[in-house]
Amino acid sequence: GFEKENPSYGGWDFLGQGDAHGVTTGTNVSVTCLVLEALAEEFRREPGGKQIGEIQAALRRVLPWVNLCQQKDGGFCFTPEPMSLNNKADFRDDARHEPRAYGTATCDGIRCLLAGGIKADDKRIVKAASWLAARPSLELVPGFEGLPPELGWQRGLRFYYYASLAKVLPTLPVADVASRRKGVLEMLLKLQRTDGSFLNEIDRMRENDPLIATALGVMAIGEILNQLLA
């Protein structure tokens, strides 16, 4: 484990307890939001289960870590670790202690807060949702505007962005929700190939594998349809 002062304390990475002690591949909002959503589902299904105490303790540890990921502009970075290369949008300062927020991380940050029991009208979620609302383009993942396009991040995360954005659309300002849902669905229809699959031409995050891109595309479509039918 980590000391409480360590920026990795409270989050999750790709390593389990049996793999490393005090070592991390980088605690990050993407892995953490998936873990928290799984814990929240377990809590919902068995509110009196024997593991509820452990789940509640994990939530108490993780929320301060999630807060560290939120930047002054309301968006989220990938990890609060200083100088981490995992913060794909680079840094705002020369010391590399202030990472830039970007779209996928911001969606995952909102998901962390929601799964951690934070209400949608909490100022942290409102500020993050406002960050997304101010960046409506779906052609490129927002937050990478200052980076050379050849790095591939703006397009290399497209399908993950659609999947994660779909989950947090209800937190956006009411006036923006319907148009953004429509925009995501239209974009996916535009990108769908004749055999029904999806594929990203950029291989940065392996979305050039139709198994990955299609799974993410279907997740986005399914989430939006569930919201419309609710």
# chains A, B, ... in the order shown; residues from 1 in each chain; ligands from 1
>>> select_by_dssp(residues="segment 14-230 of chain A", states="strand (DSSP E or B)", output="JSON, numbers by chain")
{"A": [70, 76, 91, 99]}
>>> residues_around(residues="Gly74 of chain A", least_positions_apart="5", cutoff="12 Å", atoms="only C-alpha atoms", output="mmCIF file with C-alpha atoms, in the first residue's frame")
data_model
loop_
_atom_site.group_PDB
_atom_site.id
_atom_site.type_symbol
_atom_site.label_atom_id
_atom_site.label_comp_id
_atom_site.auth_asym_id
_atom_site.auth_seq_id
_atom_site.Cartn_x
_atom_site.Cartn_y
_atom_site.Cartn_z
ATOM 1 C CA ASN A 67 -10.541 15.228 -5.937
ATOM 2 C CA LEU A 68 -6.811 15.418 -6.698
ATOM 3 C CA CYS A 69 -7.543 14.501 -10.319
ATOM 4 C CA ARG A 100 -4.086 19.457 -18.379
ATOM 5 C CA ALA A 101 -7.596 18.040 -18.312
ATOM 6 C CA TYR A 102 -9.000 16.166 -21.284
ATOM 7 C CA GLY A 103 -12.273 14.617 -22.380
ATOM 8 C CA ALA A 105 -10.440 11.594 -18.147
ATOM 9 C CA THR A 106 -13.144 14.148 -17.335
ATOM 10 C CA CYS A 107 -15.914 11.682 -18.178
ATOM 11 C CA GLY A 109 -13.789 11.508 -13.219
ATOM 12 C CA ILE A 110 -17.519 12.233 -13.190
ATOM 13 C CA LYS A 123 -20.274 21.435 -7.424
ATOM 14 C CA ARG A 124 -17.491 19.061 -8.497
ATOM 15 C CA ILE A 125 -19.755 17.267 -10.950
ATOM 16 C CA VAL A 126 -21.388 20.495 -12.117
ATOM 17 C CA LYS A 127 -17.986 22.030 -12.829
ATOM 18 C CA ALA A 128 -16.756 18.947 -14.705
ATOM 19 C CA ALA A 129 -19.989 18.737 -16.712
ATOM 20 C CA SER A 130 -19.615 22.418 -17.600
ATOM 21 C CA TRP A 131 -16.096 21.660 -18.863
ATOM 22 C CA LEU A 132 -17.564 19.029 -21.198
ATOM 23 C CA ALA A 133 -20.477 21.251 -22.239
ATOM 24 C CA ALA A 134 -18.044 23.980 -23.286
#
>>> closest_residue(among="A:Leu169, A:Ala213, A:Ala57, A:Ala120", to="Leu191 of chain A", atoms="only C-alpha atoms")
A:Ala213
>>> select_by_dssp(residues="segment 113-188 of chain A", states="alpha helix (DSSP H)", output="VMD selection string")
chain A and resid 113 to 115 123 to 133 153 to 156 158 to 168 174 to 188
>>> write_last_selection(atoms="N, CA and C atoms", output="tab-separated table (two decimals), in the first residue's frame")
chain	number	residue	atom	x	y	z
A	113	LEU	N	-17.04	10.00	-9.28
A	113	LEU	CA	-17.80	10.72	-8.27
A	113	LEU	C	-19.21	10.14	-8.12
A	114	LEU	N	-19.87	9.87	-9.23
A	114	LEU	CA	-21.22	9.31	-9.16
A	114	LEU	C	-21.22	7.94	-8.50
A	115	ALA	N	-20.27	7.10	-8.88
A	115	ALA	CA	-20.20	5.76	-8.28
A	115	ALA	C	-19.81	5.83	-6.81
A	123	LYS	N	-21.02	20.44	-6.63
A	123	LYS	CA	-20.27	21.44	-7.42
A	123	LYS	C	-19.14	20.81	-8.23
A	124	ARG	N	-18.57	19.71	-7.75
A	124	ARG	CA	-17.49	19.06	-8.50
A	124	ARG	C	-18.00	18.48	-9.81
A	125	ILE	N	-19.17	17.84	-9.74
A	125	ILE	CA	-19.76	17.27	-10.95
A	125	ILE	C	-20.26	18.37	-11.87
A	126	VAL	N	-20.88	19.38	-11.31
A	126	VAL	CA	-21.39	20.49	-12.12
A	126	VAL	C	-20.25	21.17	-12.87
A	127	LYS	N	-19.13	21.36	-12.19
A	127	LYS	CA	-17.99	22.03	-12.83
A	127	LYS	C	-17.39	21.16	-13.94
A	128	ALA	N	-17.29	19.86	-13.68
A	128	ALA	CA	-16.76	18.95	-14.70
A	128	ALA	C	-17.70	18.86	-15.90
A	129	ALA	N	-19.00	18.80	-15.63
A	129	ALA	CA	-19.99	18.74	-16.71
A	129	ALA	C	-19.96	20.02	-17.54
A	130	SER	N	-19.73	21.14	-16.88
A	130	SER	CA	-19.61	22.42	-17.60
A	130	SER	C	-18.39	22.42	-18.50
A	131	TRP	N	-17.31	21.79	-18.04
A	131	TRP	CA	-16.10	21.66	-18.86
A	131	TRP	C	-16.43	20.90	-20.15
A	132	LEU	N	-17.17	19.81	-20.02
A	132	LEU	CA	-17.56	19.03	-21.20
A	132	LEU	C	-18.53	19.82	-22.09
A	133	ALA	N	-19.48	20.50	-21.47
A	133	ALA	CA	-20.48	21.25	-22.24
A	133	ALA	C	-19.83	22.35	-23.07
A	153	TRP	N	-3.52	11.39	-30.03
A	153	TRP	CA	-4.45	11.30	-28.90
A	153	TRP	C	-5.83	11.84	-29.24
A	154	GLN	N	-5.91	12.90	-30.04
A	154	GLN	CA	-7.22	13.52	-30.32
A	154	GLN	C	-8.19	12.56	-31.00
A	155	ARG	N	-7.66	11.70	-31.85
A	155	ARG	CA	-8.52	10.74	-32.54
A	155	ARG	C	-8.35	9.31	-32.01
A	156	GLY	N	-7.23	9.04	-31.39
A	156	GLY	CA	-6.96	7.68	-30.94
A	156	GLY	C	-7.83	7.19	-29.81
A	158	ARG	N	-11.17	8.16	-29.57
A	158	ARG	CA	-12.53	8.58	-29.94
A	158	ARG	C	-13.62	7.65	-29.41
A	159	PHE	N	-13.48	6.37	-29.65
A	159	PHE	CA	-14.56	5.45	-29.28
A	159	PHE	C	-14.67	5.29	-27.76
A	160	TYR	N	-13.53	5.33	-27.07
A	160	TYR	CA	-13.60	5.31	-25.61
A	160	TYR	C	-14.31	6.57	-25.12
A	161	TYR	N	-14.02	7.70	-25.76
A	161	TYR	CA	-14.67	8.95	-25.37
A	161	TYR	C	-16.18	8.85	-25.54
A	162	TYR	N	-16.64	8.33	-26.65
A	162	TYR	CA	-18.09	8.20	-26.86
A	162	TYR	C	-18.72	7.30	-25.80
A	163	ALA	N	-18.04	6.20	-25.46
A	163	ALA	CA	-18.60	5.26	-24.48
A	163	ALA	C	-18.67	5.88	-23.09
A	164	SER	N	-17.61	6.58	-22.70
A	164	SER	CA	-17.60	7.17	-21.36
A	164	SER	C	-18.47	8.41	-21.29
A	165	LEU	N	-18.46	9.21	-22.36
A	165	LEU	CA	-19.32	10.39	-22.41
A	165	LEU	C	-20.79	10.00	-22.31
A	166	ALA	N	-21.18	8.94	-22.99
A	166	ALA	CA	-22.58	8.50	-22.96
A	166	ALA	C	-23.06	8.28	-21.54
A	167	LYS	N	-22.19	7.75	-20.69
A	167	LYS	CA	-22.58	7.45	-19.31
A	167	LYS	C	-22.84	8.71	-18.48
A	168	VAL	N	-22.21	9.81	-18.84
A	168	VAL	CA	-22.32	11.02	-18.00
A	168	VAL	C	-23.18	12.10	-18.66
A	174	VAL	N	-29.07	20.84	-18.72
A	174	VAL	CA	-30.27	20.27	-19.33
A	174	VAL	C	-30.40	20.67	-20.80
A	175	ALA	N	-30.04	21.90	-21.12
A	175	ALA	CA	-30.18	22.39	-22.48
A	175	ALA	C	-29.26	21.67	-23.46
A	176	ASP	N	-28.23	21.01	-22.96
A	176	ASP	CA	-27.24	20.38	-23.83
A	176	ASP	C	-27.44	18.87	-23.99
A	177	VAL	N	-28.21	18.25	-23.10
A	177	VAL	CA	-28.26	16.78	-23.06
A	177	VAL	C	-28.80	16.19	-24.36
A	178	ALA	N	-29.96	16.66	-24.81
A	178	ALA	CA	-30.59	16.07	-25.99
A	178	ALA	C	-29.72	16.23	-27.23
A	179	SER	N	-29.14	17.41	-27.42
A	179	SER	CA	-28.32	17.64	-28.61
A	179	SER	C	-27.05	16.80	-28.58
A	180	ARG	N	-26.48	16.60	-27.38
A	180	ARG	CA	-25.25	15.80	-27.30
A	180	ARG	C	-25.56	14.32	-27.51
A	181	ARG	N	-26.67	13.85	-27.00
A	181	ARG	CA	-27.07	12.46	-27.29
A	181	ARG	C	-27.23	12.26	-28.79
A	182	LYS	N	-27.94	13.18	-29.42
A	182	LYS	CA	-28.15	13.11	-30.86
A	182	LYS	C	-26.81	13.14	-31.60
A	183	GLY	N	-25.90	14.00	-31.14
A	183	GLY	CA	-24.61	14.12	-31.78
A	183	GLY	C	-23.79	12.84	-31.71
A	184	VAL	N	-23.80	12.19	-30.55
A	184	VAL	CA	-23.04	10.94	-30.39
A	184	VAL	C	-23.62	9.86	-31.29
A	185	LEU	N	-24.94	9.73	-31.30
A	185	LEU	CA	-25.58	8.70	-32.14
A	185	LEU	C	-25.31	8.96	-33.62
A	186	GLU	N	-25.40	10.21	-34.04
A	186	GLU	CA	-25.14	10.54	-35.44
A	186	GLU	C	-23.69	10.27	-35.82
A	187	MET	N	-22.78	10.58	-34.92
A	187	MET	CA	-21.36	10.33	-35.18
A	187	MET	C	-21.09	8.84	-35.34
A	188	LEU	N	-21.69	8.04	-34.47
A	188	LEU	CA	-21.49	6.59	-34.55
A	188	LEU	C	-22.11	6.01	-35.81
>>> residues_around(residues="Arg44 of chain A", least_positions_apart="6", cutoff="12 Å", atoms="only C-alpha atoms", output="PyMOL selection string")
chain A and resi 37-38+52+55+115+117
>>> write_last_selection(atoms="C-alpha atoms", output="mmCIF file, in the first residue's frame")
data_model
loop_
_atom_site.group_PDB
_atom_site.id
_atom_site.type_symbol
_atom_site.label_atom_id
_atom_site.label_comp_id
_atom_site.auth_asym_id
_atom_site.auth_seq_id
_atom_site.Cartn_x
_atom_site.Cartn_y
_atom_site.Cartn_z
ATOM 1 C CA GLU A 37 -18.890 1.221 -10.587
ATOM 2 C CA ALA A 38 -18.465 -2.473 -9.788
ATOM 3 C CA ILE A 52 -20.349 -3.530 2.674
ATOM 4 C CA ILE A 55 -16.723 -1.131 0.279
ATOM 5 C CA ALA A 115 -20.197 5.758 -8.282
ATOM 6 C CA GLY A 117 -22.154 8.327 -3.994
#
>>> closest_residue(among="A:Pro173, A:Gly222, A:Gly143, A:Gly26", to="Leu85 of chain A", atoms="only C-alpha atoms")
A:Gly26
>>> closest_residue(among="A:Pro210, A:Gly75, A:Gly116, A:Pro99", to="Phe43 of chain A", atoms="only C-alpha atoms")
A:Gly116
>>> closest_residue(among="A:Pro82, A:Pro7, A:Gly196, A:Pro47", to="Ala215 of chain A", atoms="only C-alpha atoms")
A:Gly196
>>> atom_distance(atom1="atom CA of Cys33 of chain A", atom2="atom CA of Asp94 of chain A")
29.1 Å
>>> closest_residue(among="A:Gln227, A:Asn87, A:Asn208, A:Gln51", to="Thr104 of chain A", atoms="only C-alpha atoms")
A:Asn87
